[in-house]
Amino acid sequence: MQRSLIVEKVLSAASSIARKHANCKHAVLNDLATALYGLVKPIDEARFIVETNCAEEVVGTLLGGFGVEEHYSEAISRLREQGLVAVSTRFYPLLVIEIARSPVDFALVESAIDVQINGYVLRIPRPSHLVAKMASLNMYPYVEYACSLLASWIKRLDLDEVIGLLLLARVDLNKLAEKLSILLELLQAFPEYESERTLLAKFVEELKSRR
């Protein structure tokens, strides 16, 4: 399937939740959410987070949107057992659905906002919450997404809020500071981003002071 058609399929499936389950607290994560905040990359994983009380209905809607309804029973079983399920779709992106379980998850879905894109309605996390969520996953490539998102939005974020959310998510601030320090070195090659680098350097020092 052509990449543009894949993107439309993912957007359509994500939009179906916002339209059919408007009262259900949820948000898109990962590739789609980070792309909407400017980190453009192929959509390899369509990831969603949803509150418990409407999770099974959302799973049904998403599986229908991706054309894999036959996996519903198995998906619900895994979701109940593990709080997360991954389903292969008939086209490229892996579909991942997780239940909001941690304090930062609850804060993320509670504060998520609706955006409209070419007729689609998507519910996305606020950038500070997305940074904290991605960092909390503590694995590649999610932490790298968190660092890139933080660096690109550094002028528009409430950094005290970001630190509060990172602490809420129990992120290892020392390890995150190390990751961001590497990014700071890379930014030295781009003098046009000096102001962002200065703010990011101050943020890194603040993270170190909170250890």
# chains A, B, ... in the order shown; residues from 1 in each chain; ligands from 1
$ select_by_dssp --residues "chain A" --states "helix (DSSP H, G or I)" --output "VMD selection string"
chain A and resid 3 to 20 30 to 36 52 to 65 69 to 82 103 to 111 127 to 136 142 to 152 159 to 168 173 to 187 191 to 209
$ residues_around --residues "stretch 197-210 of chain A" --least-positions-apart "3" --cutoff "12 Å" --atoms "only C-alpha atoms" --output "NGL selection string"
:A and (147-164 or 166-167 or 171-194)
$ atom_distance --atom1 "atom CA of A:Gly65" --atom2 "atom CA of A:Lys25"
18.7 Å
$ closest_residue --among "A:Glu196, A:Ala107, A:Gly83, A:Val7" --to "A:Ile43" --atoms "only C-alpha atoms"
A:Val7
$ residues_around --residues "A:Leu79" --least-positions-apart "5" --cutoff "9 Å" --atoms "only C-alpha atoms" --output "list of chain:residue names"
A:Ala55, A:Glu56, A:Glu74, A:Leu84, A:Val85, A:Ile97, A:Glu98, A:Ile99
$ closest_residue --among "A:Glu69, A:Glu51, A:Asp31, A:Glu81" --to "A:Leu130" --atoms "only C-alpha atoms"
A:Asp31
$ closest_residue --among "A:Ile117, A:Leu63, A:Leu137, A:Val96" --to "A:Ala46" --atoms "only C-alpha atoms"
A:Val96
$ atom_distance --atom1 "atom CA of A:Val109" --atom2 "atom CA of A:Gly38"
20.5 Å
$ closest_residue --among "A:Ala75, A:Leu94, A:Ala100, A:Val87" --to "A:Val50" --atoms "only C-alpha atoms"
A:Ala100
$ closest_residue --among "A:Leu62, A:Leu36, A:Ile49, A:Val28" --to "A:Lys9" --atoms "only C-alpha atoms"
A:Leu62
$ select_by_dssp --residues "stretch 6-158 of chain A" --states "strand (DSSP E or B)" --output "count of residues only"
30
$ atom_distance --atom1 "atom CA of A:Gly67" --atom2 "atom CA of A:Tyr140"
28.5 Å
$ closest_residue --among "A:Ala112, A:Lys133, A:Tyr145, A:Arg78" --to "A:Val40" --atoms "only C-alpha atoms"
A:Tyr145
